[in-house]
Amino acid sequence: MKWEDNVRKVVPYVPGEQPQKKGIIKLNTNECPYPPAPMVEKRMKEIAYEDLRLYPEFPEQTSLTAELAKYYHVKENQIFVGVGSDDVLAMAFLTFFNSDKPIVFPDITYSFYDVWADLYRIPYEIKPLDENFCIRKEDYMGENGGVIFPNPNAPTGILMDVNTIEEIVKANQDVVVIIDEAYIDFGGVSCLPLIEKYDNLLVVQTFSKSRAMAGSRIGYAIGNEKLIRYLNDAKYSVNSYTMNRPALAIGAESVKDDAYFKEICGKIMATRERVGEELKALGFRFPKSYSNFIFATHESVPAKEIFEKLKEHDIYVRHWNKERISNYLRITIGTDEQMDALIAALKEILGK
């Protein structure tokens with residue numbers, strides 16, 4: 001059909017399976033296994049039905065941006081909020097990556113990056129991780145149109161130290177550098193303080209993982225006031241009211257409840273370390289994780305086989321048929337009970 005000649009065709013991002021069966025153990029999408037903060041539940045009950053007929057607060061001056069600014073000790077005009085960090089990152093691609101030069105990101109990383117680049121017709125170069133799945137800083141110091149990578153990286157969980165990130169930012173001051181910190185709260189050190197030193201650095205985080213609010217779709221970026229203004233200009237040119245009133249309200253409450261936030265992160269990290277030792281005893285190996293998942297391969301049994309057999313036990317983990325990582329599984333850290341069930345199933349599958 002002739003009209004198809006003018007269709008913008010892309011290969012979309014494919015998320016982890018979302019099985020609708022009851023009673024499954026879902027360890028494939030890095031959701032938090034614990035509920036959001038109690039203050040979130042309380043605020044949800046207070047949200048009036050009548051509020052739904054109204055537009056949200058003026059987008060860049062909300063209760064959410066106010067609480068985030070207070071929490072991170074920055075100005076409100078240094079914060080951009082969006083419908084999950086995916087929305088924030090997509091808007092950042094659209095806004096900042098407009099050079100004829102290619103942007104750069106790793107070969108093993110969040111698989112939405114090349115989708116956005118293709119969608120927005122942004123040239124890009126993929127930089128291979130080294131044999132230990134680590135980013136080679138030298139690969140990001142040549143001429144380019146922008147830099148983006150997660151820290152910790154996904155799906156490996158490997159953390160880069162702040163000093164190395166600063167070297168990359170310093171070497172790329174003529175372009176925007178985006179650090180995607182979706183998993184930074186699980187033992188990593190944020191590079192956020194660097195925004196005071198480098199006006200080209202944008203740090204992106206999310207409520208979906210450590211704040212247990214994937215269903216509310218809240219993400220945010222923090223950076224120089226000019227970067228944020230450019231992001232808002234692009235956002236208002238697409239849709240001024242991207243976030244709904246309930247999400248803004250409960251997001252603000254989540255930020256206030258810092259004690260609960262730290263408690264939940266601590267629980268997940270403790271479970272991750274315990275389960276890591278049990279996986280090693282079963283013959284798995286994996287890089288040290290600073291995320292809420294473990295990226296593991298088995299010494300003798302193929303990942304695809306383990307993946308399929310776990311599904312027979314109603315346990316879902318993530319597997320990719322991709323070069324270099326096809327023999328790895330990404331296992332989200334669930335509750336202790338869920339992880340005990342995983343270990344029991346793996347022992348049965350592996351004949352241990």
# chains A, B, ... in the order shown; residues from 1 in each chain; ligands from 1
$ residues_around --residues "Lys45 in chain A" --least-positions-apart "4" --cutoff "12 Å" --atoms "only C-alpha atoms" --output "short mmCIF file (atom, residue, chain, number, x, y, z; two decimals) with N, CA and C atoms, in the first residue's frame"
data_model
loop_
_atom_site.label_atom_id
_atom_site.label_comp_id
_atom_site.auth_asym_id
_atom_site.auth_seq_id
_atom_site.Cartn_x
_atom_site.Cartn_y
_atom_site.Cartn_z
N PRO A 38 3.84 3.86 53.42
CA PRO A 38 2.50 4.01 54.03
C PRO A 38 1.88 5.39 53.78
N MET A 39 2.71 6.43 53.71
CA MET A 39 2.19 7.77 53.47
C MET A 39 1.56 7.87 52.08
N VAL A 40 2.02 7.04 51.15
CA VAL A 40 1.44 7.01 49.81
C VAL A 40 0.02 6.47 49.87
N GLU A 41 -0.16 5.37 50.61
CA GLU A 41 -1.49 4.79 50.76
C GLU A 41 -2.46 5.79 51.39
N TYR A 49 -12.41 12.20 44.16
CA TYR A 49 -12.90 11.82 42.84
C TYR A 49 -13.06 13.06 41.97
N PRO A 246 -3.17 12.47 40.66
CA PRO A 246 -2.86 11.49 41.71
C PRO A 246 -1.38 11.12 41.76
N ALA A 249 0.64 13.80 43.45
CA ALA A 249 0.36 13.87 44.89
C ALA A 249 1.04 12.73 45.64
N ILE A 250 0.89 11.50 45.15
CA ILE A 250 1.47 10.38 45.89
C ILE A 250 2.99 10.33 45.72
#
$ closest_atom_pairs --of "range 175-202 of chain A" --to "range 89-106 of chain A" --cutoff "10 Å" --atoms "only C-alpha atoms" --output "Markdown table"
| residue | atom | partner | partner_atom | distance |
| --- | --- | --- | --- | --- |
| A:Val175 | CA | A:Phe96 | CA | 8.1 |
| A:Val176 | CA | A:Phe96 | CA | 6.5 |
| A:Val177 | CA | A:Phe96 | CA | 9.3 |
| A:Ile178 | CA | A:Ala92 | CA | 8.4 |
| A:Ile179 | CA | A:Leu89 | CA | 9.9 |
| A:Asp180 | CA | A:Leu89 | CA | 8.3 |
| A:Asn200 | CA | A:Phe96 | CA | 10.0 |
| A:Leu202 | CA | A:Ala92 | CA | 8.9 |
$ write_last_selection --atoms "C-alpha atoms" --output "PDB file, in the first residue's frame"
ATOM      1  CA  VAL A 175      27.534  17.742  24.160  1.00  0.00           C
ATOM      2  CA  VAL A 176      24.959  16.593  26.707  1.00  0.00           C
ATOM      3  CA  VAL A 177      25.873  13.571  28.835  1.00  0.00           C
ATOM      4  CA  ILE A 178      22.971  11.633  30.357  1.00  0.00           C
ATOM      5  CA  ILE A 179      23.514   9.232  33.245  1.00  0.00           C
ATOM      6  CA  ASP A 180      20.533   6.940  33.753  1.00  0.00           C
ATOM      7  CA  ASN A 200      26.055  19.551  30.305  1.00  0.00           C
ATOM      8  CA  LEU A 202      21.710  15.358  33.128  1.00  0.00           C
TER       9      LEU A 202
END
$ closest_atom_pairs --of "range 165-219 of chain A" --to "range 137-141 of chain A" --cutoff "10 Å" --atoms "only C-alpha atoms" --output "CSV"
residue,atom,partner,partner_atom,distance
A:Ile165,CA,A:Lys137,CA,8.1
A:Glu167,CA,A:Lys137,CA,7.9
A:Ile168,CA,A:Met141,CA,6.3
A:Val169,CA,A:Met141,CA,8.8
A:Lys170,CA,A:Met141,CA,9.0
A:Ala171,CA,A:Met141,CA,5.6
A:Asn172,CA,A:Met141,CA,6.7
$ write_last_selection --atoms "C-alpha atoms" --output "PDB file, in the first residue's frame"
ATOM      1  CA  ILE A 165      32.020   9.264  35.173  1.00  0.00           C
ATOM      2  CA  GLU A 167      36.322  11.944  33.358  1.00  0.00           C
ATOM      3  CA  ILE A 168      33.752  11.104  30.680  1.00  0.00           C
ATOM      4  CA  VAL A 169      31.662  14.218  31.383  1.00  0.00           C
ATOM      5  CA  LYS A 170      34.746  16.443  31.406  1.00  0.00           C
ATOM      6  CA  ALA A 171      35.851  15.043  28.033  1.00  0.00           C
ATOM      7  CA  ASN A 172      32.422  15.770  26.491  1.00  0.00           C
TER       8      ASN A 172
END
$ atom_distance --atom1 "CA of Ile333 in chain A" --atom2 "CA of Met269 in chain A"
8.4 Å
$ select_by_dssp --residues "range 168-240 of chain A" --states "strand (DSSP E or B)" --output "VMD selection string"
chain A and resid 177 to 180 201 to 206 219 to 223
$ write_last_selection --atoms "N, CA and C atoms" --output "mmCIF file, in the first residue's frame"
data_model
loop_
_atom_site.group_PDB
_atom_site.id
_atom_site.type_symbol
_atom_site.label_atom_id
_atom_site.label_comp_id
_atom_site.auth_asym_id
_atom_site.auth_seq_id
_atom_site.Cartn_x
_atom_site.Cartn_y
_atom_site.Cartn_z
ATOM 1 N N VAL A 177 25.617 14.917 28.315
ATOM 2 C CA VAL A 177 25.873 13.571 28.835
ATOM 3 C C VAL A 177 24.729 13.214 29.778
ATOM 4 N N ILE A 178 24.096 12.086 29.532
ATOM 5 C CA ILE A 178 22.971 11.633 30.357
ATOM 6 C C ILE A 178 23.374 10.374 31.104
ATOM 7 N N ILE A 179 23.268 10.413 32.423
ATOM 8 C CA ILE A 179 23.514 9.232 33.245
ATOM 9 C C ILE A 179 22.169 8.751 33.782
ATOM 10 N N ASP A 180 21.818 7.549 33.413
ATOM 11 C CA ASP A 180 20.533 6.940 33.753
ATOM 12 C C ASP A 180 20.713 6.144 35.054
ATOM 13 N N LEU A 201 25.576 18.007 32.139
ATOM 14 C CA LEU A 201 25.249 16.702 32.727
ATOM 15 C C LEU A 201 23.791 16.650 33.162
ATOM 16 N N LEU A 202 23.086 15.603 32.722
ATOM 17 C CA LEU A 202 21.710 15.358 33.128
ATOM 18 C C LEU A 202 21.654 14.003 33.821
ATOM 19 N N VAL A 203 21.121 13.971 35.041
ATOM 20 C CA VAL A 203 21.007 12.739 35.815
ATOM 21 C C VAL A 203 19.526 12.359 35.892
ATOM 22 N N VAL A 204 19.217 11.131 35.509
ATOM 23 C CA VAL A 204 17.817 10.675 35.440
ATOM 24 C C VAL A 204 17.593 9.552 36.442
ATOM 25 N N GLN A 205 16.500 9.655 37.198
ATOM 26 C CA GLN A 205 16.131 8.610 38.155
ATOM 27 C C GLN A 205 14.643 8.300 38.035
ATOM 28 N N THR A 206 14.185 7.317 38.816
ATOM 29 C CA THR A 206 12.811 6.841 38.689
ATOM 30 C C THR A 206 12.232 6.422 40.033
ATOM 31 N N GLY A 219 9.056 9.575 36.771
ATOM 32 C CA GLY A 219 10.493 9.676 36.566
ATOM 33 C C GLY A 219 10.899 11.130 36.629
ATOM 34 N N TYR A 220 12.186 11.378 36.767
ATOM 35 C CA TYR A 220 12.641 12.771 36.865
ATOM 36 C C TYR A 220 14.091 12.891 36.435
ATOM 37 N N ALA A 221 14.433 14.099 36.010
ATOM 38 C CA ALA A 221 15.806 14.430 35.656
ATOM 39 C C ALA A 221 16.226 15.634 36.470
ATOM 40 N N ILE A 222 17.509 15.666 36.818
ATOM 41 C CA ILE A 222 18.066 16.805 37.558
ATOM 42 C C ILE A 222 19.296 17.290 36.800
ATOM 43 N N GLY A 223 19.388 18.599 36.629
ATOM 44 C CA GLY A 223 20.528 19.159 35.917
ATOM 45 C C GLY A 223 20.543 20.670 35.994
#
$ atom_distance --atom1 "CA of Val11 in chain A" --atom2 "CA of Asp114 in chain A"
9.4 Å
$ select_by_dssp --residues "range 132-337 of chain A" --states "alpha helix (DSSP H)" --output "number ranges by chain"
A: 162-170, 225-236, 245-256, 258-281, 303-312, 336-337
$ closest_atom_pairs --of "range 320-345 of chain A" --to "range 279-290 of chain A" --cutoff "12 Å" --atoms "only C-alpha atoms" --output "Markdown table"
| residue | atom | partner | partner_atom | distance |
| --- | --- | --- | --- | --- |
| A:Ile325 | CA | A:Phe286 | CA | 11.7 |
| A:Asn327 | CA | A:Phe284 | CA | 11.2 |
| A:Tyr328 | CA | A:Phe286 | CA | 8.8 |
| A:Leu329 | CA | A:Phe286 | CA | 9.7 |
| A:Arg330 | CA | A:Phe286 | CA | 9.9 |
| A:Ile331 | CA | A:Leu279 | CA | 10.8 |
| A:Thr332 | CA | A:Ser289 | CA | 11.1 |
| A:Ile333 | CA | A:Ser289 | CA | 10.9 |
| A:Met339 | CA | A:Leu279 | CA | 10.5 |
| A:Asp340 | CA | A:Leu279 | CA | 11.0 |
| A:Leu342 | CA | A:Leu279 | CA | 10.0 |
| A:Ile343 | CA | A:Leu279 | CA | 7.5 |
| A:Ala344 | CA | A:Leu282 | CA | 10.7 |
| A:Ala345 | CA | A:Leu282 | CA | 11.4 |
$ atom_distance --atom1 "CA of Leu68 in chain A" --atom2 "CA of Gly145 in chain A"
29.6 Å
$ residues_around --residues "Pro19 in chain A" --least-positions-apart "5" --cutoff "9 Å" --atoms "only C-alpha atoms" --output "ChimeraX atom specification"
/A:24,26,316
$ residues_around --residues "Lys267 in chain A" --least-positions-apart "5" --cutoff "12 Å" --atoms "only C-alpha atoms" --output "PyMOL selection string"
chain A and resi 32-34+185-187+210+260-262+272-274+292+333-336
$ residues_around --residues "Tyr241 in chain A" --least-positions-apart "2" --cutoff "8 Å" --atoms "only C-alpha atoms" --output "list of chain:residue names"
A:Tyr55, A:Pro56, A:Pro59, A:Tyr236, A:Asn239, A:Met243, A:Asn244
$ closest_residue --among "A:Arg8, A:Asp86, A:Glu181, A:Phe293" --to "Val317 in chain A" --atoms "only C-alpha atoms"
A:Phe293
$ residues_around --residues "Ser254 in chain A" --least-positions-apart "2" --cutoff "6 Å" --atoms "only C-alpha atoms" --output "list in words"
Ala37, Val40, Gly251, Ala252, Lys256 and Asp257 of chain A
$ write_last_selection --atoms "C-alpha atoms" --output "PDB file, in the first residue's frame"
ATOM      1  CA  ALA A  37       5.434   3.934  51.564  1.00  0.00           C
ATOM      2  CA  VAL A  40       1.442   7.014  49.807  1.00  0.00           C
ATOM      3  CA  GLY A 251       4.931  10.913  44.427  1.00  0.00           C
ATOM      4  CA  ALA A 252       5.457  13.839  46.780  1.00  0.00           C
ATOM      5  CA  LYS A 256       8.790  12.600  52.319  1.00  0.00           C
ATOM      6  CA  ASP A 257       8.946   9.074  53.755  1.00  0.00           C
TER       7      ASP A 257
END
$ closest_residue --among "A:Leu54, A:Glu131, A:Ser291, A:Phe80" --to "Ala270 in chain A" --atoms "only C-alpha atoms"
A:Ser291
$ decode --residues "range 146-189 of chain A" --atoms "N, CA and C atoms" --output "mmCIF file, in the first residue's frame"
data_model
loop_
_atom_site.group_PDB
_atom_site.id
_atom_site.type_symbol
_atom_site.label_atom_id
_atom_site.label_comp_id
_atom_site.auth_asym_id
_atom_site.auth_seq_id
_atom_site.Cartn_x
_atom_site.Cartn_y
_atom_site.Cartn_z
ATOM 1 N N GLY A 146 26.629 13.131 21.638
ATOM 2 C CA GLY A 146 26.025 12.976 22.957
ATOM 3 C C GLY A 146 26.359 11.617 23.534
ATOM 4 N N VAL A 147 26.236 11.500 24.848
ATOM 5 C CA VAL A 147 26.590 10.265 25.549
ATOM 6 C C VAL A 147 25.450 9.893 26.482
ATOM 7 N N ILE A 148 25.130 8.602 26.521
ATOM 8 C CA ILE A 148 24.171 8.114 27.512
ATOM 9 C C ILE A 148 24.544 6.698 27.923
ATOM 10 N N PHE A 149 24.449 6.412 29.214
ATOM 11 C CA PHE A 149 24.568 5.042 29.714
ATOM 12 C C PHE A 149 23.970 4.978 31.118
ATOM 13 N N PRO A 150 23.506 3.787 31.524
ATOM 14 C CA PRO A 150 22.985 3.639 32.882
ATOM 15 C C PRO A 150 24.136 3.396 33.857
ATOM 16 N N ASN A 151 23.928 3.831 35.073
ATOM 17 C CA ASN A 151 24.874 3.525 36.148
ATOM 18 C C ASN A 151 24.089 3.318 37.439
ATOM 19 N N PRO A 152 24.039 2.075 37.970
ATOM 20 C CA PRO A 152 24.616 0.842 37.445
ATOM 21 C C PRO A 152 24.041 0.514 36.059
ATOM 22 N N ASN A 153 24.844 -0.221 35.296
ATOM 23 C CA ASN A 153 24.385 -0.587 33.964
ATOM 24 C C ASN A 153 23.279 -1.639 34.065
ATOM 25 N N ALA A 154 22.451 -1.679 33.055
ATOM 26 C CA ALA A 154 21.427 -2.709 32.948
ATOM 27 C C ALA A 154 21.619 -3.401 31.601
ATOM 28 N N PRO A 155 21.589 -4.721 31.566
ATOM 29 C CA PRO A 155 21.162 -5.637 32.633
ATOM 30 C C PRO A 155 22.283 -6.225 33.488
ATOM 31 N N THR A 156 23.481 -5.655 33.464
ATOM 32 C CA THR A 156 24.601 -6.290 34.170
ATOM 33 C C THR A 156 24.639 -5.983 35.658
ATOM 34 N N GLY A 157 24.131 -4.801 36.058
ATOM 35 C CA GLY A 157 24.195 -4.397 37.456
ATOM 36 C C GLY A 157 25.533 -3.847 37.879
ATOM 37 N N ILE A 158 26.452 -3.654 36.943
ATOM 38 C CA ILE A 158 27.811 -3.192 37.267
ATOM 39 C C ILE A 158 27.816 -1.677 37.456
ATOM 40 N N LEU A 159 28.498 -1.237 38.506
ATOM 41 C CA LEU A 159 28.559 0.177 38.866
ATOM 42 C C LEU A 159 29.880 0.793 38.419
ATOM 43 N N MET A 160 29.798 1.990 37.854
ATOM 44 C CA MET A 160 30.996 2.771 37.539
ATOM 45 C C MET A 160 31.187 3.818 38.634
ATOM 46 N N ASP A 161 32.445 4.033 39.058
ATOM 47 C CA ASP A 161 32.675 5.002 40.128
ATOM 48 C C ASP A 161 32.514 6.428 39.602
ATOM 49 N N VAL A 162 32.200 7.338 40.510
ATOM 50 C CA VAL A 162 31.895 8.721 40.142
ATOM 51 C C VAL A 162 33.091 9.402 39.488
ATOM 52 N N ASN A 163 34.302 9.092 39.922
ATOM 53 C CA ASN A 163 35.484 9.729 39.330
ATOM 54 C C ASN A 163 35.616 9.401 37.848
ATOM 55 N N THR A 164 35.319 8.152 37.483
ATOM 56 C CA THR A 164 35.393 7.762 36.072
ATOM 57 C C THR A 164 34.296 8.447 35.267
ATOM 58 N N ILE A 165 33.104 8.538 35.847
ATOM 59 C CA ILE A 165 32.020 9.264 35.173
ATOM 60 C C ILE A 165 32.423 10.713 34.946
ATOM 61 N N GLU A 166 33.061 11.308 35.937
ATOM 62 C CA GLU A 166 33.486 12.708 35.773
ATOM 63 C C GLU A 166 34.487 12.854 34.627
ATOM 64 N N GLU A 167 35.374 11.894 34.476
ATOM 65 C CA GLU A 167 36.322 11.944 33.358
ATOM 66 C C GLU A 167 35.586 11.968 32.023
ATOM 67 N N ILE A 168 34.524 11.157 31.923
ATOM 68 C CA ILE A 168 33.752 11.104 30.680
ATOM 69 C C ILE A 168 33.008 12.421 30.455
ATOM 70 N N VAL A 169 32.392 12.950 31.506
ATOM 71 C CA VAL A 169 31.662 14.218 31.383
ATOM 72 C C VAL A 169 32.618 15.346 31.005
ATOM 73 N N LYS A 170 33.751 15.384 31.655
ATOM 74 C CA LYS A 170 34.746 16.443 31.406
ATOM 75 C C LYS A 170 35.249 16.398 29.967
ATOM 76 N N ALA A 171 35.345 15.190 29.403
ATOM 77 C CA ALA A 171 35.851 15.043 28.033
ATOM 78 C C ALA A 171 34.777 15.338 26.983
ATOM 79 N N ASN A 172 33.530 15.584 27.432
ATOM 80 C CA ASN A 172 32.422 15.770 26.491
ATOM 81 C C ASN A 172 31.611 17.030 26.802
ATOM 82 N N GLN A 173 32.293 18.119 27.130
ATOM 83 C CA GLN A 173 31.577 19.318 27.559
ATOM 84 C C GLN A 173 30.886 20.072 26.431
ATOM 85 N N ASP A 174 31.098 19.635 25.173
ATOM 86 C CA ASP A 174 30.406 20.274 24.041
ATOM 87 C C ASP A 174 29.124 19.543 23.664
ATOM 88 N N VAL A 175 28.784 18.472 24.389
ATOM 89 C CA VAL A 175 27.534 17.742 24.160
ATOM 90 C C VAL A 175 26.883 17.445 25.507
ATOM 91 N N VAL A 176 25.651 16.970 25.468
ATOM 92 C CA VAL A 176 24.959 16.593 26.707
ATOM 93 C C VAL A 176 25.291 15.144 27.047
ATOM 94 N N VAL A 177 25.617 14.917 28.315
ATOM 95 C CA VAL A 177 25.873 13.571 28.835
ATOM 96 C C VAL A 177 24.729 13.214 29.778
ATOM 97 N N ILE A 178 24.096 12.086 29.532
ATOM 98 C CA ILE A 178 22.971 11.633 30.357
ATOM 99 C C ILE A 178 23.374 10.374 31.104
ATOM 100 N N ILE A 179 23.268 10.413 32.423
ATOM 101 C CA ILE A 179 23.514 9.232 33.245
ATOM 102 C C ILE A 179 22.169 8.751 33.782
ATOM 103 N N ASP A 180 21.818 7.549 33.413
ATOM 104 C CA ASP A 180 20.533 6.940 33.753
ATOM 105 C C ASP A 180 20.713 6.144 35.054
ATOM 106 N N GLU A 181 20.249 6.705 36.163
ATOM 107 C CA GLU A 181 20.475 6.111 37.481
ATOM 108 C C GLU A 181 19.229 5.396 38.018
ATOM 109 N N ALA A 182 18.590 4.613 37.186
ATOM 110 C CA ALA A 182 17.370 3.910 37.609
ATOM 111 C C ALA A 182 17.605 3.005 38.817
ATOM 112 N N TYR A 183 18.845 2.483 38.958
ATOM 113 C CA TYR A 183 19.129 1.496 40.016
ATOM 114 C C TYR A 183 20.131 1.998 41.051
ATOM 115 N N ILE A 184 20.372 3.289 41.091
ATOM 116 C CA ILE A 184 21.453 3.826 41.923
ATOM 117 C C ILE A 184 21.206 3.625 43.418
ATOM 118 N N ASP A 185 19.958 3.449 43.825
ATOM 119 C CA ASP A 185 19.628 3.381 45.253
ATOM 120 C C ASP A 185 19.942 2.041 45.905
ATOM 121 N N PHE A 186 20.431 1.078 45.120
ATOM 122 C CA PHE A 186 20.689 -0.260 45.669
ATOM 123 C C PHE A 186 22.183 -0.481 45.918
ATOM 124 N N GLY A 187 22.837 0.535 46.474
ATOM 125 C CA GLY A 187 24.236 0.392 46.870
ATOM 126 C C GLY A 187 25.211 1.248 46.107
ATOM 127 N N GLY A 188 24.743 2.000 45.121
ATOM 128 C CA GLY A 188 25.630 2.844 44.324
ATOM 129 C C GLY A 188 25.762 4.244 44.904
ATOM 130 N N VAL A 189 26.690 5.004 44.341
ATOM 131 C CA VAL A 189 26.879 6.410 44.704
ATOM 132 C C VAL A 189 26.495 7.244 43.487
#
